[in-house]
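Undergrad: Next comes start.cif, mmCIF, C-alpha atoms:
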```
data_run
loop_
_atom_site.group_PDB
_atom_site.id
_atom_site.type_symbol
_atom_site.label_atom_id
_atom_site.label_comp_id
_atom_site.auth_asym_id
_atom_site.auth_seq_id
_atom_site.Cartn_x
_atom_site.Cartn_y
_atom_site.Cartn_z
ATOM 1 C CA MET A 72 0.462 -11.947 7.435
ATOM 2 C CA ALA A 73 3.983 -13.361 7.405
ATOM 3 C CA GLU A 74 6.270 -12.435 4.545
ATOM 4 C CA LYS A 75 7.087 -15.301 2.239
ATOM 5 C CA ASN A 76 10.684 -16.281 1.676
ATOM 6 C CA TYR A 77 11.288 -15.340 -1.934
ATOM 7 C CA SER A 78 14.611 -15.943 -3.653
ATOM 8 C CA GLU A 79 16.789 -12.959 -4.406
ATOM 9 C CA LYS A 80 15.721 -13.014 -8.076
ATOM 10 C CA ALA A 81 12.043 -13.263 -7.135
ATOM 11 C CA GLN A 82 12.529 -10.239 -4.827
ATOM 12 C CA GLU A 83 14.025 -8.316 -7.761
ATOM 13 C CA ILE A 84 11.030 -9.252 -9.909
ATOM 14 C CA LEU A 85 8.624 -8.176 -7.150
ATOM 15 C CA ASN A 86 10.471 -4.859 -6.727
ATOM 16 C CA ALA A 87 10.322 -4.124 -10.445
ATOM 17 C CA ALA A 88 6.664 -5.160 -10.663
ATOM 18 C CA GLU A 89 5.696 -3.062 -7.639
ATOM 19 C CA LEU A 90 7.326 0.046 -9.068
ATOM 20 C CA ARG A 91 5.607 -0.410 -12.432
ATOM 21 C CA MET A 92 2.236 -1.013 -10.772
ATOM 22 C CA ARG A 93 2.631 2.045 -8.567
ATOM 23 C CA GLN A 94 3.526 4.139 -11.613
ATOM 24 C CA GLY A 95 0.909 2.844 -14.024
ATOM 25 C CA GLY A 96 -1.350 0.187 -12.574
ATOM 26 C CA PHE A 97 -1.634 -3.531 -13.097
ATOM 27 C CA ASP A 98 -1.566 -3.314 -16.891
ATOM 28 C CA ALA A 99 1.759 -1.443 -16.783
ATOM 29 C CA VAL A 100 3.448 -4.744 -15.966
ATOM 30 C CA SER A 101 4.642 -7.114 -18.661
ATOM 31 C CA TYR A 102 6.788 -10.164 -18.104
ATOM 32 C CA ARG A 103 9.044 -9.083 -20.970
ATOM 33 C CA ASP A 104 9.723 -5.706 -19.322
ATOM 34 C CA LEU A 105 10.273 -7.322 -15.922
ATOM 35 C CA ALA A 106 12.697 -9.825 -17.447
ATOM 36 C CA ALA A 107 14.684 -7.012 -19.050
ATOM 37 C CA ALA A 108 14.686 -5.014 -15.814
ATOM 38 C CA VAL A 109 16.166 -7.859 -13.774
ATOM 39 C CA GLY A 110 18.348 -9.397 -16.487
ATOM 40 C CA ILE A 111 16.589 -12.714 -17.088
ATOM 41 C CA LYS A 112 14.379 -14.309 -19.735
ATOM 42 C CA ALA A 113 10.601 -13.859 -19.602
ATOM 43 C CA SER A 114 10.270 -17.617 -19.089
ATOM 44 C CA SER A 115 12.258 -17.217 -15.883
ATOM 45 C CA VAL A 116 9.740 -14.660 -14.612
ATOM 46 C CA HIS A 117 7.035 -17.260 -15.301
ATOM 47 C CA TYR A 118 9.071 -19.790 -13.312
ATOM 48 C CA HIS A 119 8.777 -17.601 -10.195
ATOM 49 C CA PHE A 120 5.241 -16.339 -10.892
ATOM 50 C CA PRO A 121 3.410 -18.624 -13.358
ATOM 51 C CA GLN A 122 0.545 -16.199 -14.012
ATOM 52 C CA LYS A 123 0.400 -12.417 -13.894
ATOM 53 C CA ALA A 124 -2.342 -12.748 -11.274
ATOM 54 C CA ASP A 125 0.101 -14.720 -9.084
ATOM 55 C CA LEU A 126 2.621 -11.920 -9.447
ATOM 56 C CA GLY A 127 0.022 -9.247 -8.679
ATOM 57 C CA ARG A 128 -1.172 -11.037 -5.567
ATOM 58 C CA ALA A 129 2.419 -11.521 -4.363
ATOM 59 C CA VAL A 130 3.228 -7.840 -4.917
ATOM 60 C CA VAL A 131 0.161 -6.705 -2.956
ATOM 61 C CA GLU A 132 0.692 -9.199 -0.123
ATOM 62 C CA ARG A 133 4.343 -8.210 0.249
ATOM 63 C CA TYR A 134 3.434 -4.508 0.163
ATOM 64 C CA THR A 135 0.805 -5.034 2.860
ATOM 65 C CA THR A 136 3.266 -6.912 5.066
ATOM 66 C CA LYS A 137 5.959 -4.260 4.658
ATOM 67 C CA LEU A 138 3.604 -1.360 5.371
ATOM 68 C CA LEU A 139 2.161 -3.010 8.482
ATOM 69 C CA ALA A 140 5.705 -3.745 9.700
ATOM 70 C CA PHE A 141 6.595 -0.085 9.177
ATOM 71 C CA LEU A 142 3.530 1.024 11.135
ATOM 72 C CA GLY A 143 4.416 -1.261 14.017
ATOM 73 C CA PRO A 144 2.077 -2.584 16.670
ATOM 74 C CA PRO A 145 -1.196 -0.665 16.741
ATOM 75 C CA ASP A 146 -1.574 -1.074 20.478
ATOM 76 C CA ASP A 147 1.857 -0.243 21.902
ATOM 77 C CA PRO A 148 1.037 1.130 25.384
ATOM 78 C CA SER A 149 4.061 3.442 25.274
ATOM 79 C CA GLU A 150 2.529 5.415 22.391
ATOM 80 C CA SER A 151 -0.504 7.620 22.119
ATOM 81 C CA ALA A 152 -3.136 7.153 19.434
ATOM 82 C CA LYS A 153 -2.030 10.450 17.941
ATOM 83 C CA THR A 154 1.576 9.230 17.626
ATOM 84 C CA ARG A 155 0.375 6.151 15.765
ATOM 85 C CA ILE A 156 -1.797 8.173 13.395
ATOM 86 C CA VAL A 157 1.095 10.566 12.748
ATOM 87 C CA ARG A 158 3.114 7.503 11.670
ATOM 88 C CA LEU A 159 0.246 6.389 9.421
ATOM 89 C CA CYS A 160 0.151 9.816 7.763
ATOM 90 C CA ALA A 161 3.939 9.714 7.406
ATOM 91 C CA ALA A 162 3.736 6.421 5.513
ATOM 92 C CA TYR A 163 1.467 7.995 2.902
ATOM 93 C CA GLN A 164 3.628 11.103 2.691
ATOM 94 C CA HIS A 165 6.800 9.041 2.347
ATOM 95 C CA ALA A 166 5.359 7.087 -0.575
ATOM 96 C CA LEU A 167 4.309 10.137 -2.539
ATOM 97 C CA ILE A 168 6.986 12.661 -1.601
ATOM 98 C CA HIS A 169 10.138 10.606 -1.041
ATOM 99 C CA GLU A 170 9.513 7.564 -3.213
ATOM 100 C CA GLU A 171 7.635 9.732 -5.747
ATOM 101 C CA VAL A 172 5.017 7.051 -6.351
ATOM 102 C CA PRO A 173 1.575 6.587 -4.831
ATOM 103 C CA CYS A 174 0.501 3.849 -2.473
ATOM 104 C CA LEU A 175 0.310 0.602 -4.455
ATOM 105 C CA CYS A 176 -3.202 -0.132 -3.278
ATOM 106 C CA CYS A 177 -4.334 3.408 -4.014
ATOM 107 C CA VAL A 178 -3.501 2.727 -7.660
ATOM 108 C CA LEU A 179 -4.799 -0.848 -7.726
ATOM 109 C CA GLY A 180 -7.871 0.009 -5.666
ATOM 110 C CA ALA A 181 -8.943 2.456 -8.351
ATOM 111 C CA GLU A 182 -8.866 -0.321 -10.928
ATOM 112 C CA SER A 183 -10.048 -3.172 -8.692
ATOM 113 C CA LEU A 184 -13.131 -3.900 -10.812
ATOM 114 C CA ASP A 185 -10.845 -4.845 -13.710
ATOM 115 C CA LEU A 186 -8.231 -6.813 -11.764
ATOM 116 C CA PRO A 187 -7.995 -10.604 -11.661
ATOM 117 C CA SER A 188 -10.010 -11.778 -8.665
ATOM 118 C CA VAL A 189 -6.980 -12.928 -6.627
ATOM 119 C CA VAL A 190 -5.366 -9.507 -7.028
ATOM 120 C CA SER A 191 -8.604 -7.671 -6.250
ATOM 121 C CA GLU A 192 -9.026 -9.819 -3.131
ATOM 122 C CA ALA A 193 -5.460 -9.015 -2.032
ATOM 123 C CA VAL A 194 -6.141 -5.288 -2.498
ATOM 124 C CA SER A 195 -9.371 -5.608 -0.515
ATOM 125 C CA HIS A 196 -7.428 -7.440 2.200
ATOM 126 C CA PHE A 197 -4.917 -4.561 2.255
ATOM 127 C CA PHE A 198 -7.711 -2.093 3.001
ATOM 128 C CA VAL A 199 -9.217 -4.343 5.666
ATOM 129 C CA GLN A 200 -5.783 -4.681 7.307
ATOM 130 C CA MET A 201 -5.195 -0.931 7.198
ATOM 131 C CA ILE A 202 -8.607 -0.172 8.673
ATOM 132 C CA ASP A 203 -8.106 -2.821 11.370
ATOM 133 C CA TRP A 204 -4.657 -1.443 12.238
ATOM 134 C CA THR A 205 -6.027 2.097 12.402
ATOM 135 C CA GLU A 206 -9.013 1.069 14.504
ATOM 136 C CA GLN A 207 -6.715 -0.623 17.019
ATOM 137 C CA ALA A 208 -4.323 2.346 16.904
ATOM 138 C CA LEU A 209 -7.159 4.676 17.907
ATOM 139 C CA GLY A 210 -7.608 2.800 21.168
ATOM 140 C CA ASP A 211 -10.757 2.324 23.153
ATOM 141 C CA ARG A 212 -13.070 4.799 21.423
ATOM 142 C CA SER A 213 -16.721 4.202 20.681
ATOM 143 C CA ASP A 214 -16.229 5.616 17.168
ATOM 144 C CA ALA A 215 -12.927 3.827 16.409
ATOM 145 C CA GLU A 216 -14.256 1.701 13.552
ATOM 146 C CA ALA A 217 -15.975 4.578 11.745
ATOM 147 C CA LEU A 218 -13.048 6.921 12.360
ATOM 148 C CA ALA A 219 -10.556 4.322 11.092
ATOM 149 C CA LYS A 220 -12.522 3.935 7.856
ATOM 150 C CA TYR A 221 -12.708 7.701 7.508
ATOM 151 C CA LEU A 222 -8.970 8.193 8.092
ATOM 152 C CA ILE A 223 -7.926 5.546 5.564
ATOM 153 C CA SER A 224 -10.452 6.807 3.010
ATOM 154 C CA THR A 225 -9.276 10.369 3.498
ATOM 155 C CA LEU A 226 -5.600 9.482 3.146
ATOM 156 C CA GLN A 227 -6.293 7.464 -0.004
ATOM 157 C CA GLY A 228 -8.469 10.206 -1.492
ATOM 158 C CA THR A 229 -5.980 12.906 -0.603
ATOM 159 C CA MET A 230 -3.262 10.902 -2.325
ATOM 160 C CA ILE A 231 -5.329 10.727 -5.515
ATOM 161 C CA THR A 232 -6.059 14.447 -5.350
ATOM 162 C CA ALA A 233 -2.391 15.256 -4.688
ATOM 163 C CA LEU A 234 -1.384 13.180 -7.719
ATOM 164 C CA THR A 235 -4.021 14.693 -9.961
ATOM 165 C CA LEU A 236 -3.166 18.275 -9.004
ATOM 166 C CA LYS A 237 0.579 17.546 -8.814
ATOM 167 C CA GLN A 238 0.560 18.943 -5.288
ATOM 168 C CA PRO A 239 2.122 16.284 -3.011
ATOM 169 C CA GLN A 240 2.046 18.699 -0.078
ATOM 170 C CA LEU A 241 -1.713 18.121 0.170
ATOM 171 C CA LEU A 242 -0.962 15.070 2.314
ATOM 172 C CA GLN A 243 1.022 17.248 4.719
ATOM 173 C CA ASP A 244 -1.723 19.885 4.620
ATOM 174 C CA ALA A 245 -4.402 17.321 5.539
ATOM 175 C CA LYS A 246 -2.527 15.919 8.531
ATOM 176 C CA PRO A 247 -3.437 18.608 11.119
ATOM 177 C CA TYR A 248 -7.111 18.286 10.262
ATOM 178 C CA LEU A 249 -6.980 14.508 10.619
ATOM 179 C CA LEU A 250 -5.118 14.749 13.916
ATOM 180 C CA ARG A 251 -7.805 17.043 15.344
ATOM 181 C CA LEU A 252 -10.192 14.118 15.036
ATOM 182 C CA ILE A 253 -8.000 12.105 17.393
ATOM 183 C CA ASP A 254 -8.249 14.514 20.330
#
```
Taking this structure as input, can you express it in the form of structure tokens?
TA:
Amino acid sequence: MAEKNYSEKAQEILNAAELRMRQGGFDAVSYRDLAAAVGIKASSVHYHFPQKADLGRAVVERYTTKLLAFLGPPDDPSESAKTRIVRLCAAYQHALIHEEVPCLCCVLGAESLDLPSVVSEAVSHFFVQMIDWTEQALGDRSDAEALAKYLISTLQGTMITALTLKQPQLLQDAKPYLLRLID
């Protein structure tokens, strides 16, 4: 998925919307608040993203593209499967510990039944992309598909548990157990 070329102002809107969604879900975003955050009128937000569903889809698609770019190629022959999965775990840890917000699609996935269909589809696509990346990262294993689904599900679930218990280190604690599955 190639990243779209958004204007500088549209990027600012997407950044503000992503942060609000990661902190409080889809309903935490209002065009009035976004306009105030980036110093424009609400009508200008509508100019860039006519409907809130358009904005939500754009936020999720951009997030997916950025995360996959961070993870890099899933089949780099100079890396082991374990190295790739360590990087995957690091992405989840970075979000929660350093950025102090959960994975966007962890939040939106939990409310996907109530999202506009285009946003829900983008969130579903995120999970498919993450599972596909992880499956490829695991290499030529007979259980790669099932293990990829398990790893992504576990990381997402651990993130929710870490948030709920206010114990972000749970992601770090889970990593050695996940890595044992790679051996």
Undergrad: Of the candidates A:Asp254, A:Pro239, A:Pro247, A:Val199, which shows the shortest atom-to-atom distance to A:His169, using all atoms listed in the file?
TA: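 Among A:Asp254, A:Pro239, A:Pro247, A:Val199, it is A:Pro239 that comes nearest to A:His169.
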Undergrad: Please write the residues picked by the PyMOL selection byres ((chain A and resi 95-98) around 10) on this file as a ChimeraX atom specification.
TA: /A:88-94,99-101,123-124,127,172-173,175-183,185-187,190
Undergrad: Choose the residue, out of A:Ile168, A:Val130, A:Ala162, A:Ala193, that has the smallest atom-to-atom separation from A:Leu226; count all atoms listed in the file.
TA: A:Ala162
Undergrad: Closest to A:Phe197 among A:Ala161, A:Tyr118, A:Lys237, A:Ile223, using all atoms listed in the file?
TA: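 Ranking A:Ala161, A:Tyr118, A:Lys237, A:Ile223 by distance to A:Phe197, first place goes to A:Ile223.
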Undergrad: Give me the result of the PyMOL selection byres ((chain A and resi 135) around 12) on this file, residue by residue, as a PyMOL selection string.
TA: chain A and resi 72-74+89+128-134+136-142+174-176+193-201+204
Undergrad: Between A:Ile84, A:Ala107, A:Leu236, A:Leu252, which has the minimum distance to A:Ala215 (counting all atoms listed in the file)?
TA: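 Of A:Ile84, A:Ala107, A:Leu236, A:Leu252, the one nearest A:Ala215, counting all atoms listed in the file, is A:Leu252.
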Undergrad: Separation of atom CA of A:Lys75 and atom CA of A:Ala87, in Å?
TA: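 Interatomic distance, atom CA of A:Lys75 to atom CA of A:Ala87: 17.2 Å.
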Undergrad: Starting from the point (-16.5, 11.8, 13.3), work out which residues of protein, DNA or RNA have an atom no more than 12 Å away when counting all atoms listed in the file; state them as a PyMOL selection string.
TA: chain A and resi 212-222+248-254
Undergrad: A:Tyr163, A:Thr154, A:Ser78, A:Ser191: which is nearest A:Gly228, counting all atoms listed in the file?
TA: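 Ranking A:Tyr163, A:Thr154, A:Ser78, A:Ser191 by distance to A:Gly228, first place goes to A:Tyr163.
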Undergrad: For the structure provided, state which residues fall under the PyMOL selection byres ((chain A and resi 80) around 12), and present them as a short mmCIF file (atom, residue, chain, number, x, y, z; two decimals) with C-alpha atoms, keeping the file's coordinate frame.
TA:
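Below you can see selection04.cif, which holds the result:
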```cif
data_model
loop_
_atom_site.label_atom_id
_atom_site.label_comp_id
_atom_site.auth_asym_id
_atom_site.auth_seq_id
_atom_site.Cartn_x
_atom_site.Cartn_y
_atom_site.Cartn_z
CA ASN A 76 10.68 -16.28 1.68
CA TYR A 77 11.29 -15.34 -1.93
CA SER A 78 14.61 -15.94 -3.65
CA GLU A 79 16.79 -12.96 -4.41
CA ALA A 81 12.04 -13.26 -7.14
CA GLN A 82 12.53 -10.24 -4.83
CA GLU A 83 14.02 -8.32 -7.76
CA ILE A 84 11.03 -9.25 -9.91
CA LEU A 85 8.62 -8.18 -7.15
CA ASN A 86 10.47 -4.86 -6.73
CA ALA A 87 10.32 -4.12 -10.44
CA LEU A 105 10.27 -7.32 -15.92
CA ALA A 106 12.70 -9.82 -17.45
CA ALA A 108 14.69 -5.01 -15.81
CA VAL A 109 16.17 -7.86 -13.77
CA GLY A 110 18.35 -9.40 -16.49
CA ILE A 111 16.59 -12.71 -17.09
CA LYS A 112 14.38 -14.31 -19.74
CA SER A 115 12.26 -17.22 -15.88
CA VAL A 116 9.74 -14.66 -14.61
CA TYR A 118 9.07 -19.79 -13.31
CA HIS A 119 8.78 -17.60 -10.20
CA PHE A 120 5.24 -16.34 -10.89
#
```
Undergrad: Can you measure atom CA of A:Leu242 to atom CA of A:Ile202 for me? One decimal in Å is fine.
TA: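 Interatomic distance, atom CA of A:Leu242 to atom CA of A:Ile202: 18.2 Å.
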Undergrad: Rank nothing, just name the residue among A:Arg155, A:Val189, A:Leu184, A:Met230 nearest to A:Thr205, using all atoms listed in the file.
TA: A:Arg155
Undergrad: Take stretch 111-251 of chain A from the block and save it with C-alpha atoms, as a PDB file, in the first residue's frame.
TA:
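Saved the output as decode24.pdb:
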```pdb
ATOM      1  CA  ILE A 111      -7.856  26.162  10.763  1.00  0.00           C
ATOM      2  CA  LYS A 112     -11.640  26.315  10.462  1.00  0.00           C
ATOM      3  CA  ALA A 113     -13.712  23.130  10.697  1.00  0.00           C
ATOM      4  CA  SER A 114     -14.820  23.702   7.100  1.00  0.00           C
ATOM      5  CA  SER A 115     -11.178  23.425   6.077  1.00  0.00           C
ATOM      6  CA  VAL A 116     -10.951  19.999   7.720  1.00  0.00           C
ATOM      7  CA  HIS A 117     -13.983  19.003   5.629  1.00  0.00           C
ATOM      8  CA  TYR A 118     -12.170  20.285   2.535  1.00  0.00           C
ATOM      9  CA  HIS A 119      -9.386  17.728   3.086  1.00  0.00           C
ATOM     10  CA  PHE A 120     -11.627  14.941   4.425  1.00  0.00           C
ATOM     11  CA  PRO A 121     -15.283  15.499   3.437  1.00  0.00           C
ATOM     12  CA  GLN A 122     -16.687  12.875   5.815  1.00  0.00           C
ATOM     13  CA  LYS A 123     -15.412  11.580   9.138  1.00  0.00           C
ATOM     14  CA  ALA A 124     -15.338   8.103   7.591  1.00  0.00           C
ATOM     15  CA  ASP A 125     -12.944   9.433   4.916  1.00  0.00           C
ATOM     16  CA  LEU A 126     -10.709  10.790   7.651  1.00  0.00           C
ATOM     17  CA  GLY A 127     -10.852   7.536   9.622  1.00  0.00           C
ATOM     18  CA  ARG A 128      -9.970   5.446   6.595  1.00  0.00           C
ATOM     19  CA  ALA A 129      -7.071   7.773   5.724  1.00  0.00           C
ATOM     20  CA  VAL A 130      -5.724   7.623   9.285  1.00  0.00           C
ATOM     21  CA  VAL A 131      -5.824   3.811   9.332  1.00  0.00           C
ATOM     22  CA  GLU A 132      -4.320   3.441   5.849  1.00  0.00           C
ATOM     23  CA  ARG A 133      -1.480   5.829   6.670  1.00  0.00           C
ATOM     24  CA  TYR A 134      -0.847   4.066   9.990  1.00  0.00           C
ATOM     25  CA  THR A 135      -0.714   0.694   8.237  1.00  0.00           C
ATOM     26  CA  THR A 136       1.735   2.001   5.641  1.00  0.00           C
ATOM     27  CA  LYS A 137       3.994   3.563   8.269  1.00  0.00           C
ATOM     28  CA  LEU A 138       4.038   0.464  10.474  1.00  0.00           C
ATOM     29  CA  LEU A 139       4.814  -1.863   7.564  1.00  0.00           C
ATOM     30  CA  ALA A 140       7.609   0.494   6.462  1.00  0.00           C
ATOM     31  CA  PHE A 141       9.020   0.397   9.992  1.00  0.00           C
ATOM     32  CA  LEU A 142       8.911  -3.403  10.018  1.00  0.00           C
ATOM     33  CA  GLY A 143      10.738  -3.582   6.711  1.00  0.00           C
ATOM     34  CA  PRO A 144      10.747  -6.467   4.273  1.00  0.00           C
ATOM     35  CA  PRO A 145       9.438  -9.654   5.862  1.00  0.00           C
ATOM     36  CA  ASP A 146      11.734 -11.845   3.811  1.00  0.00           C
ATOM     37  CA  ASP A 147      15.136 -10.150   4.014  1.00  0.00           C
ATOM     38  CA  PRO A 148      17.582 -13.078   3.656  1.00  0.00           C
ATOM     39  CA  SER A 149      20.141 -11.316   5.857  1.00  0.00           C
ATOM     40  CA  GLU A 150      17.812 -11.554   8.869  1.00  0.00           C
ATOM     41  CA  SER A 151      16.503 -14.451  10.874  1.00  0.00           C
ATOM     42  CA  ALA A 152      12.814 -14.944  11.585  1.00  0.00           C
ATOM     43  CA  LYS A 153      13.543 -14.241  15.232  1.00  0.00           C
ATOM     44  CA  THR A 154      15.119 -10.865  14.386  1.00  0.00           C
ATOM     45  CA  ARG A 155      12.012  -9.901  12.435  1.00  0.00           C
ATOM     46  CA  ILE A 156       9.673 -10.936  15.242  1.00  0.00           C
ATOM     47  CA  VAL A 157      11.796  -9.011  17.752  1.00  0.00           C
ATOM     48  CA  ARG A 158      11.230  -5.934  15.556  1.00  0.00           C
ATOM     49  CA  LEU A 159       7.488  -6.656  15.487  1.00  0.00           C
ATOM     50  CA  CYS A 160       7.406  -6.849  19.290  1.00  0.00           C
ATOM     51  CA  ALA A 161       9.442  -3.638  19.465  1.00  0.00           C
ATOM     52  CA  ALA A 162       6.853  -1.806  17.366  1.00  0.00           C
ATOM     53  CA  TYR A 163       4.130  -2.654  19.878  1.00  0.00           C
ATOM     54  CA  GLN A 164       6.357  -1.754  22.811  1.00  0.00           C
ATOM     55  CA  HIS A 165       7.362   1.543  21.213  1.00  0.00           C
ATOM     56  CA  ALA A 166       3.732   2.557  20.736  1.00  0.00           C
ATOM     57  CA  LEU A 167       2.718   1.887  24.312  1.00  0.00           C
ATOM     58  CA  ILE A 168       5.883   2.748  26.222  1.00  0.00           C
ATOM     59  CA  HIS A 169       7.523   5.541  24.224  1.00  0.00           C
ATOM     60  CA  GLU A 170       4.560   7.115  22.462  1.00  0.00           C
ATOM     61  CA  GLU A 171       2.334   6.359  25.482  1.00  0.00           C
ATOM     62  CA  VAL A 172      -0.611   5.410  23.283  1.00  0.00           C
ATOM     63  CA  PRO A 173      -1.796   2.013  22.089  1.00  0.00           C
ATOM     64  CA  CYS A 174      -1.699   0.703  18.556  1.00  0.00           C
ATOM     65  CA  LEU A 175      -4.329   2.580  16.537  1.00  0.00           C
ATOM     66  CA  CYS A 176      -5.893  -0.609  15.254  1.00  0.00           C
ATOM     67  CA  CYS A 177      -5.915  -2.151  18.714  1.00  0.00           C
ATOM     68  CA  VAL A 178      -8.236   0.671  19.764  1.00  0.00           C
ATOM     69  CA  LEU A 179     -10.289   0.738  16.562  1.00  0.00           C
ATOM     70  CA  GLY A 180     -10.414  -3.048  16.318  1.00  0.00           C
ATOM     71  CA  ALA A 181     -12.159  -3.170  19.677  1.00  0.00           C
ATOM     72  CA  GLU A 182     -14.891  -0.901  18.353  1.00  0.00           C
ATOM     73  CA  SER A 183     -14.985  -2.197  14.770  1.00  0.00           C
ATOM     74  CA  LEU A 184     -18.636  -3.271  14.983  1.00  0.00           C
ATOM     75  CA  ASP A 185     -19.620   0.372  15.502  1.00  0.00           C
ATOM     76  CA  LEU A 186     -17.293   1.968  12.945  1.00  0.00           C
ATOM     77  CA  PRO A 187     -18.358   3.217   9.518  1.00  0.00           C
ATOM     78  CA  SER A 188     -17.855   0.361   7.070  1.00  0.00           C
ATOM     79  CA  VAL A 189     -14.930   1.993   5.214  1.00  0.00           C
ATOM     80  CA  VAL A 190     -13.068   2.472   8.497  1.00  0.00           C
ATOM     81  CA  SER A 191     -13.880  -1.044   9.697  1.00  0.00           C
ATOM     82  CA  GLU A 192     -12.640  -2.423   6.368  1.00  0.00           C
ATOM     83  CA  ALA A 193      -9.395  -0.439   6.695  1.00  0.00           C
ATOM     84  CA  VAL A 194      -8.885  -1.825  10.215  1.00  0.00           C
ATOM     85  CA  SER A 195      -9.561  -5.348   8.948  1.00  0.00           C
ATOM     86  CA  HIS A 196      -7.052  -4.737   6.149  1.00  0.00           C
ATOM     87  CA  PHE A 197      -4.497  -3.635   8.768  1.00  0.00           C
ATOM     88  CA  PHE A 198      -4.845  -6.970  10.560  1.00  0.00           C
ATOM     89  CA  VAL A 199      -4.629  -8.930   7.312  1.00  0.00           C
ATOM     90  CA  GLN A 200      -1.466  -7.005   6.373  1.00  0.00           C
ATOM     91  CA  MET A 201       0.087  -7.589   9.788  1.00  0.00           C
ATOM     92  CA  ILE A 202      -0.698 -11.301   9.709  1.00  0.00           C
ATOM     93  CA  ASP A 203       0.637 -11.576   6.148  1.00  0.00           C
ATOM     94  CA  TRP A 204       3.839  -9.729   7.088  1.00  0.00           C
ATOM     95  CA  THR A 205       4.312 -11.944  10.138  1.00  0.00           C
ATOM     96  CA  GLU A 206       3.632 -15.128   8.193  1.00  0.00           C
ATOM     97  CA  GLN A 207       6.264 -14.170   5.619  1.00  0.00           C
ATOM     98  CA  ALA A 208       8.654 -13.098   8.391  1.00  0.00           C
ATOM     99  CA  LEU A 209       8.418 -16.565   9.943  1.00  0.00           C
ATOM    100  CA  GLY A 210       9.833 -18.122   6.792  1.00  0.00           C
ATOM    101  CA  ASP A 211       9.156 -21.535   5.388  1.00  0.00           C
ATOM    102  CA  ARG A 212       7.339 -23.159   8.309  1.00  0.00           C
ATOM    103  CA  SER A 213       4.368 -25.463   8.005  1.00  0.00           C
ATOM    104  CA  ASP A 214       2.643 -23.600  10.856  1.00  0.00           C
ATOM    105  CA  ALA A 215       3.523 -20.058   9.692  1.00  0.00           C
ATOM    106  CA  GLU A 216      -0.051 -18.940   9.035  1.00  0.00           C
ATOM    107  CA  ALA A 217      -1.422 -20.171  12.367  1.00  0.00           C
ATOM    108  CA  LEU A 218       1.606 -18.885  14.267  1.00  0.00           C
ATOM    109  CA  ALA A 219       1.352 -15.469  12.584  1.00  0.00           C
ATOM    110  CA  LYS A 220      -2.295 -15.162  13.633  1.00  0.00           C
ATOM    111  CA  TYR A 221      -1.383 -16.233  17.149  1.00  0.00           C
ATOM    112  CA  LEU A 222       1.495 -13.744  17.433  1.00  0.00           C
ATOM    113  CA  ILE A 223      -0.564 -10.777  16.230  1.00  0.00           C
ATOM    114  CA  SER A 224      -3.509 -11.766  18.430  1.00  0.00           C
ATOM    115  CA  THR A 225      -1.235 -12.153  21.427  1.00  0.00           C
ATOM    116  CA  LEU A 226       0.470  -8.801  20.897  1.00  0.00           C
ATOM    117  CA  GLN A 227      -2.885  -7.055  20.485  1.00  0.00           C
ATOM    118  CA  GLY A 228      -4.354  -8.780  23.541  1.00  0.00           C
ATOM    119  CA  THR A 229      -1.279  -8.093  25.626  1.00  0.00           C
ATOM    120  CA  MET A 230      -1.517  -4.428  24.684  1.00  0.00           C
ATOM    121  CA  ILE A 231      -5.120  -4.289  25.899  1.00  0.00           C
ATOM    122  CA  THR A 232      -4.193  -6.052  29.128  1.00  0.00           C
ATOM    123  CA  ALA A 233      -1.195  -3.754  29.658  1.00  0.00           C
ATOM    124  CA  LEU A 234      -3.442  -0.713  29.190  1.00  0.00           C
ATOM    125  CA  THR A 235      -6.148  -2.033  31.472  1.00  0.00           C
ATOM    126  CA  LEU A 236      -3.727  -2.932  34.268  1.00  0.00           C
ATOM    127  CA  LYS A 237      -1.541   0.136  33.637  1.00  0.00           C
ATOM    128  CA  GLN A 238       1.436  -2.191  33.305  1.00  0.00           C
ATOM    129  CA  PRO A 239       3.119  -1.400  29.953  1.00  0.00           C
ATOM    130  CA  GLN A 240       5.982  -3.753  30.794  1.00  0.00           C
ATOM    131  CA  LEU A 241       3.656  -6.681  30.060  1.00  0.00           C
ATOM    132  CA  LEU A 242       4.614  -6.343  26.394  1.00  0.00           C
ATOM    133  CA  GLN A 243       8.284  -6.717  27.319  1.00  0.00           C
ATOM    134  CA  ASP A 244       7.422  -9.608  29.641  1.00  0.00           C
ATOM    135  CA  ALA A 245       5.565 -11.460  26.863  1.00  0.00           C
ATOM    136  CA  LYS A 246       8.376 -11.178  24.322  1.00  0.00           C
ATOM    137  CA  PRO A 247      10.573 -14.085  25.539  1.00  0.00           C
ATOM    138  CA  TYR A 248       7.598 -16.427  25.531  1.00  0.00           C
ATOM    139  CA  LEU A 249       6.655 -15.400  22.000  1.00  0.00           C
ATOM    140  CA  LEU A 250      10.231 -15.778  20.790  1.00  0.00           C
ATOM    141  CA  ARG A 251      10.377 -19.345  22.123  1.00  0.00           C
TER     142      ARG A 251
END
```
